[in-house]
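First the structure, in the form of structure tokens, and then the observations on it.
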Amino acid sequence: MTRHLQLPRLSWRFIPVWQRNYLVWKKLAIPSILGNLADPMLYMLGLGFGLGSLLPDVDGMSYLSFLAAGTVAYSTMNAATFEVLYSSFSRMHVQRTWDAILNAPMTLDDVMLGELTWATSKSLLSGVAILAVIWGLGLFGSFWMTLWIIPVVALVGFCFGGMGLVMNAVSPSYDFFLYYFTLVITPMVLLCGVFFPVSQLPPLLQSISAWLPLTHAIDLARPLVIGRVPDSVALHVVALLVYGGLGYVIALALTRRRLLK
Amino acid sequence: MLNVRGLTKKYGDTEVVRGLDLTVRRGECFGLLGPNGAGKTTTLRLLLGLIEPDSGSIELAGIPVPQRAREARMKIGVVPQMDNLDPDFSVRENLLAYGRYFGMSKAAVAARVPGLLEFAGLASKADAPIAQLSGGMKRRLTLARALVHDPDILFLDEPTTGLDPQARHLIWQGLRRLIAEGKTIVLTTHFMDEAERLTDRLAILDHGRIVVEGAPRALIESHIEPAVVEVFGEGVADWTRHHASKVCQRFENVGETLFCYTRNADSVIATLQATPALRYVHRPSNLEDVFLKLTGRDLRD
């Protein structure tokens, strides 16, 4: 393991890997975007209007705005996670696309950075699509402020892309990813304030929630939706960078062990 | 072109490659033969710098590997054992995408694509999805893909495994063309006829070591009697007892068949004809006989 645990050597050679994924995606872009959007949009609008009509303002905003801000972070997380789990796994394990690339003058560092930046790009698109709905429905406080959501979404994509790559590295098959969803992703959706404020949770769960990356993502996105500057921006940004960066480094070491033997 | 000295690789306690020395000259087609698990694929992965040796040195076109593997791989084309064409791309897109991994500009790859498609006999399939290709077509495309950056040396890992005879002959034609163009080729295979047909020199690898090395003809001449008579049918045991040691220089019982290696097949056949119940095949000895003599007949899994 120590042999595989070297720091990543980053280079611009990841671009052809990113480009490969982009060109494949482009062939099916429209159904892919719709497929990515339908689910979060239905939840957001269904719960937002349905449940929202029963609720008073939540944390000083309409429930629909509250939920929209959560959905931006949550759908970005999902888009990145699905990409590096199922899609990257297909390329690595099933189609052996990574093996083919590694026979060219490319390293695993390049390949996985390409995958990570691609997952980030794809999830950026998901997040921005939800943002477009927020704009369309006028759910925001200040339009200019909401533009900051774009870099936040990219950061969230990077964070969950990096984390998901760790699962990709250790998974024997697609079935394994279910554990990650039931044990990591779903609890996070419930604990991190997507549907209701974290302050409604018992203190123990609140303190767990404070450590989870989705909480940091939502703490950045939600104030921006209603036109406020988020509190402790640096903390949230650093947390998301550390989760994603550490994920990438660990995933790289584990994948080296898996493939380069 | 390729210089390997004292190469070793261990996995846990198992030494997969044990002190390998190899020299492949420019323009040569070199075969790496061996039973399953002999260390062929591990050796190729070491040569590519994908894994690090425990000891020994590799120099590819003067470039040390794995220290400067990336540079070395610019000069190598690889045809892997298992097809890993990109199923999300068409035939042409596969070549275009692969060229980019070598840092080639889109225009530079595009300029090479027609020639490569012609080489692979896939010009009419340029826009076909990979799923529509036959096994032989896929292999030919993989070979063309390995040439996208015009490498000096090609590594082929069992290039014709799983292909029908027609498809194999087409691959062989392609490889001969490349040899004629002066490409250096390193080929692993366990088809002896393939090695006999294509390689200038070959090494037989077993348990991570080179057992023997030389030109195919020379190996056959120096290691084995010129003719083989395979005897089978009722009464093999009797015939073996009474005649084998007299007319065969060397013989071997494998199941119900007797392999009689001889310098004088006529006298073997004469005694066989006296026993009509016996059936036999008389043939010149080949590389497979050398291979089996040196690596044994035990199954390797």
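Labels for the structure tokens follow display order: chains A, B, ..., residues from 1 in each chain, ligands from 1.
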Legend entry - Distance query segment 130-144 of chain B at most 6 Å, only C-alpha atoms, self and fewer than 5 positions along chain excluded, as a PyMOL selection string: chain B and resi 79+87+90+116+120+167
Inset, instruction - Please provide as a PyMOL selection string all residues within 7 Å of segment 77-83 of chain A, with the sequence filter that same-chain residues fewer than 4 positions apart are discarded (counting only C-alpha atoms). - result: chain A and resi 73+87-88+119-120+122-123+126+156-157+160-161+164
Give me, as a Markdown table, the closest atom pair and its distance (Å, one decimal) for every residue of chain A within a cut-off of 8 Å of chain B, counting only C-alpha atoms, rows sorted by chain and rising number.
| residue | atom | partner | partner_atom | distance |
| --- | --- | --- | --- | --- |
| A:Arg13 | CA | B:Gly103 | CA | 7.8 |
| A:Pro16 | CA | B:Arg100 | CA | 5.9 |
| A:Val17 | CA | B:Tyr101 | CA | 7.6 |
| A:Arg20 | CA | B:Ala97 | CA | 6.6 |
| A:Val24 | CA | B:Asp88 | CA | 6.2 |
| A:Gln95 | CA | B:Asn84 | CA | 6.2 |
| A:Arg96 | CA | B:Asn84 | CA | 5.4 |
| A:Thr97 | CA | B:Asn84 | CA | 6.0 |
| A:Asp99 | CA | B:Asn84 | CA | 7.4 |
| A:Ala100 | CA | B:Asn84 | CA | 6.0 |
| A:Ile101 | CA | B:Tyr101 | CA | 6.7 |
| A:Leu102 | CA | B:Leu50 | CA | 7.8 |
| A:Asn103 | CA | B:Val78 | CA | 6.5 |
| A:Ala104 | CA | B:Phe102 | CA | 6.1 |
| A:Pro105 | CA | B:Arg70 | CA | 4.6 |
| A:Met106 | CA | B:Arg70 | CA | 6.8 |
| A:Leu260 | CA | B:Ile51 | CA | 5.8 |
| A:Lys261 | CA | B:Ile51 | CA | 6.0 |
Any chance you can output those residues with C-alpha atoms as a PDB file, in the first residue's frame?
ATOM      1  CA  ARG A  13      -2.857  15.441 -19.756  1.00  0.00           C
ATOM      2  CA  PRO A  16      -8.170  14.137 -23.336  1.00  0.00           C
ATOM      3  CA  VAL A  17      -9.844  11.937 -20.698  1.00  0.00           C
ATOM      4  CA  ARG A  20     -13.510  11.566 -24.143  1.00  0.00           C
ATOM      5  CA  VAL A  24     -19.690  10.465 -25.396  1.00  0.00           C
ATOM      6  CA  GLN A  95     -15.333  -1.612 -20.634  1.00  0.00           C
ATOM      7  CA  ARG A  96     -11.656  -1.508 -19.609  1.00  0.00           C
ATOM      8  CA  THR A  97     -11.407   1.942 -21.129  1.00  0.00           C
ATOM      9  CA  ASP A  99      -6.639   0.076 -19.295  1.00  0.00           C
ATOM     10  CA  ALA A 100      -6.572   1.192 -22.916  1.00  0.00           C
ATOM     11  CA  ILE A 101      -5.756   4.758 -21.895  1.00  0.00           C
ATOM     12  CA  LEU A 102      -2.997   3.596 -19.551  1.00  0.00           C
ATOM     13  CA  ASN A 103      -1.209   1.934 -22.473  1.00  0.00           C
ATOM     14  CA  ALA A 104      -0.831   5.413 -23.938  1.00  0.00           C
ATOM     15  CA  PRO A 105       1.547   7.871 -22.232  1.00  0.00           C
ATOM     16  CA  MET A 106      -0.996   8.550 -19.494  1.00  0.00           C
ATOM     17  CA  LEU A 260      -1.329  -1.456 -11.485  1.00  0.00           C
ATOM     18  CA  LYS A 261      -0.330  -4.829 -10.216  1.00  0.00           C
TER      19      LYS A 261
END
Legend entry - Closest of A:Thr146, A:Gln6, A:Thr182, A:Ser173 to Val133 of chain A - atom-to-atom distances counting only C-alpha atoms: A:Thr146
Inset, instruction - Mind giving me the straight-line distance from atom CA of Leu95 of chain B to atom CA of Leu175 of chain B in Å, one decimal? - result: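 Going from atom CA of Leu95 of chain B over to atom CA of Leu175 of chain B covers 18.5 Å.
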Inset, instruction - Give me the residues within 9 Å of segment 280-289 of chain B as JSON, numbers by chain, counting only C-alpha atoms and dropping any in the same chain fewer than 6 places off. - result: {"B": [191, 192, 193, 195, 196, 216, 217, 219, 220, 221, 223, 224, 225, 226, 227, 228, 229, 230, 231, 232, 233, 261, 265, 269, 272]}
Write the selection just made, keeping N, CA and C atoms, as a PDB file, in the first residue's frame?
ATOM      1  N   PHE B 191       0.023 -19.955 -29.632  1.00  0.00           N
ATOM      2  CA  PHE B 191      -0.111 -20.696 -30.893  1.00  0.00           C
ATOM      3  C   PHE B 191       1.269 -20.842 -31.512  1.00  0.00           C
ATOM      4  N   MET B 192       1.745 -22.088 -31.546  1.00  0.00           N
ATOM      5  CA  MET B 192       3.102 -22.308 -32.017  1.00  0.00           C
ATOM      6  C   MET B 192       3.239 -21.991 -33.495  1.00  0.00           C
ATOM      7  N   ASP B 193       2.161 -22.293 -34.264  1.00  0.00           N
ATOM      8  CA  ASP B 193       2.259 -22.023 -35.697  1.00  0.00           C
ATOM      9  C   ASP B 193       2.360 -20.519 -35.929  1.00  0.00           C
ATOM     10  N   ALA B 195       3.834 -18.375 -33.933  1.00  0.00           N
ATOM     11  CA  ALA B 195       5.216 -17.990 -33.647  1.00  0.00           C
ATOM     12  C   ALA B 195       6.140 -18.447 -34.776  1.00  0.00           C
ATOM     13  N   GLU B 196       5.914 -19.655 -35.275  1.00  0.00           N
ATOM     14  CA  GLU B 196       6.761 -20.174 -36.341  1.00  0.00           C
ATOM     15  C   GLU B 196       6.646 -19.328 -37.600  1.00  0.00           C
ATOM     16  N   PRO B 216      12.995 -19.919 -34.680  1.00  0.00           N
ATOM     17  CA  PRO B 216      12.113 -21.088 -34.600  1.00  0.00           C
ATOM     18  C   PRO B 216      12.692 -22.337 -35.281  1.00  0.00           C
ATOM     19  N   ARG B 217      13.192 -22.180 -36.520  1.00  0.00           N
ATOM     20  CA  ARG B 217      13.754 -23.340 -37.226  1.00  0.00           C
ATOM     21  C   ARG B 217      14.921 -23.945 -36.452  1.00  0.00           C
ATOM     22  N   LEU B 219      15.597 -23.786 -33.350  1.00  0.00           N
ATOM     23  CA  LEU B 219      15.167 -24.440 -32.108  1.00  0.00           C
ATOM     24  C   LEU B 219      14.650 -25.841 -32.399  1.00  0.00           C
ATOM     25  N   ILE B 220      13.872 -25.943 -33.483  1.00  0.00           N
ATOM     26  CA  ILE B 220      13.321 -27.254 -33.831  1.00  0.00           C
ATOM     27  C   ILE B 220      14.467 -28.206 -34.171  1.00  0.00           C
ATOM     28  N   GLU B 221      15.418 -27.692 -34.973  1.00  0.00           N
ATOM     29  CA  GLU B 221      16.521 -28.555 -35.377  1.00  0.00           C
ATOM     30  C   GLU B 221      17.386 -28.986 -34.202  1.00  0.00           C
ATOM     31  N   HIS B 223      16.557 -29.076 -30.921  1.00  0.00           N
ATOM     32  CA  HIS B 223      15.943 -29.676 -29.741  1.00  0.00           C
ATOM     33  C   HIS B 223      15.149 -30.930 -30.007  1.00  0.00           C
ATOM     34  N   ILE B 224      14.900 -31.215 -31.279  1.00  0.00           N
ATOM     35  CA  ILE B 224      13.946 -32.290 -31.488  1.00  0.00           C
ATOM     36  C   ILE B 224      14.290 -33.045 -32.767  1.00  0.00           C
ATOM     37  N   GLU B 225      13.958 -34.326 -32.811  1.00  0.00           N
ATOM     38  CA  GLU B 225      14.180 -35.136 -33.988  1.00  0.00           C
ATOM     39  C   GLU B 225      13.319 -34.600 -35.125  1.00  0.00           C
ATOM     40  N   PRO B 226      13.723 -34.802 -36.367  1.00  0.00           N
ATOM     41  CA  PRO B 226      13.027 -34.126 -37.463  1.00  0.00           C
ATOM     42  C   PRO B 226      11.596 -34.603 -37.708  1.00  0.00           C
ATOM     43  N   ALA B 227      11.259 -35.831 -37.315  1.00  0.00           N
ATOM     44  CA  ALA B 227       9.910 -36.310 -37.622  1.00  0.00           C
ATOM     45  C   ALA B 227       9.217 -36.831 -36.368  1.00  0.00           C
ATOM     46  N   VAL B 228       7.897 -36.751 -36.402  1.00  0.00           N
ATOM     47  CA  VAL B 228       7.096 -37.283 -35.310  1.00  0.00           C
ATOM     48  C   VAL B 228       6.073 -38.237 -35.908  1.00  0.00           C
ATOM     49  N   VAL B 229       5.934 -39.404 -35.282  1.00  0.00           N
ATOM     50  CA  VAL B 229       4.829 -40.282 -35.654  1.00  0.00           C
ATOM     51  C   VAL B 229       3.959 -40.417 -34.407  1.00  0.00           C
ATOM     52  N   GLU B 230       2.707 -40.006 -34.542  1.00  0.00           N
ATOM     53  CA  GLU B 230       1.780 -40.149 -33.421  1.00  0.00           C
ATOM     54  C   GLU B 230       1.004 -41.443 -33.650  1.00  0.00           C
ATOM     55  N   VAL B 231       1.091 -42.347 -32.688  1.00  0.00           N
ATOM     56  CA  VAL B 231       0.471 -43.661 -32.855  1.00  0.00           C
ATOM     57  C   VAL B 231      -0.667 -43.793 -31.845  1.00  0.00           C
ATOM     58  N   PHE B 232      -1.833 -44.271 -32.345  1.00  0.00           N
ATOM     59  CA  PHE B 232      -2.948 -44.482 -31.423  1.00  0.00           C
ATOM     60  C   PHE B 232      -3.815 -45.613 -31.942  1.00  0.00           C
ATOM     61  N   GLY B 233      -4.785 -46.010 -31.206  1.00  0.00           N
ATOM     62  CA  GLY B 233      -5.631 -47.135 -31.599  1.00  0.00           C
ATOM     63  C   GLY B 233      -5.326 -48.346 -30.725  1.00  0.00           C
ATOM     64  N   TYR B 261       9.356 -39.754 -31.588  1.00  0.00           N
ATOM     65  CA  TYR B 261      10.226 -38.773 -32.241  1.00  0.00           C
ATOM     66  C   TYR B 261      11.355 -39.538 -32.889  1.00  0.00           C
ATOM     67  N   ALA B 265      11.624 -41.938 -40.046  1.00  0.00           N
ATOM     68  CA  ALA B 265      10.194 -42.230 -39.955  1.00  0.00           C
ATOM     69  C   ALA B 265       9.824 -43.473 -40.762  1.00  0.00           C
ATOM     70  N   ILE B 269       7.241 -46.405 -39.689  1.00  0.00           N
ATOM     71  CA  ILE B 269       6.015 -46.681 -40.438  1.00  0.00           C
ATOM     72  C   ILE B 269       5.986 -48.137 -40.907  1.00  0.00           C
ATOM     73  N   LEU B 272       4.800 -50.181 -38.200  1.00  0.00           N
ATOM     74  CA  LEU B 272       3.389 -49.876 -37.910  1.00  0.00           C
ATOM     75  C   LEU B 272       2.463 -50.569 -38.904  1.00  0.00           C
TER      76      LEU B 272
END
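Proximity to Val113 of chain B at 9 Å, evaluated using only C-alpha atoms and with sequence-adjacent residues fewer than 4 positions away removed, yields B:Arg92, B:Leu95, B:Leu96, B:Val109, B:Leu117, B:Glu118, B:Val148.
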Inset, instruction - With a distance cut-off of 8 Å and only C-alpha atoms, select the neighbouring residues of Leu67 of chain A, excluding the residue or stretch itself and same-chain residues fewer than 4 positions from it, and output the selection as a ChimeraX atom specification. - result: /A:44,48,63,71,194-196
Inset, instruction - Check segment 34-278 of chain B with DSSP on the backbone and list each residue it calls strand (DSSP E or B), as a ChimeraX atom specification. - result: /B:55-60,63-65,76-79,90,129,153-157,184-189,201-206,209-214,227-233,250-254,257-262,278
Inset, instruction - Can you list, as a list in words, all residues belonging to segment 33-102 of chain B that DSSP tags as helix (DSSP H, G or I)? - result: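 In segment 33-102 of chain B, DSSP puts these residues in helix (DSSP H, G or I): Lys40, Thr41, Thr42, Thr43, Leu44, Arg45, Leu46, Leu47, Ala69, Arg70, Glu71, Ala72, Arg73, Val91, Arg92, Glu93, Asn94, Leu95, Leu96, Ala97, Tyr98, Gly99, Arg100 and Tyr101 of chain B.
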Legend entry - Surrounding residues of Glu59 of chain B excluding itself and chain neighbours under 4 positions, 12 Å, only C-alpha atoms, as a count of residues only: 25
Inset, instruction - Compare A:Val58, A:Ile250, A:Leu235, A:Ile33 by their minimum atom-to-atom distance to Pro197 of chain A, counting only C-alpha atoms, and give me the closest one. - result: A:Val58
Inset, instruction - Have a look at B:Asp150, B:Glu181, B:Asp54, B:Glu194 and name the one nearest to Gly31 of chain B; count only C-alpha atoms. - result: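 Using only C-alpha atoms, the shortest distance to Gly31 of chain B belongs to B:Glu194.
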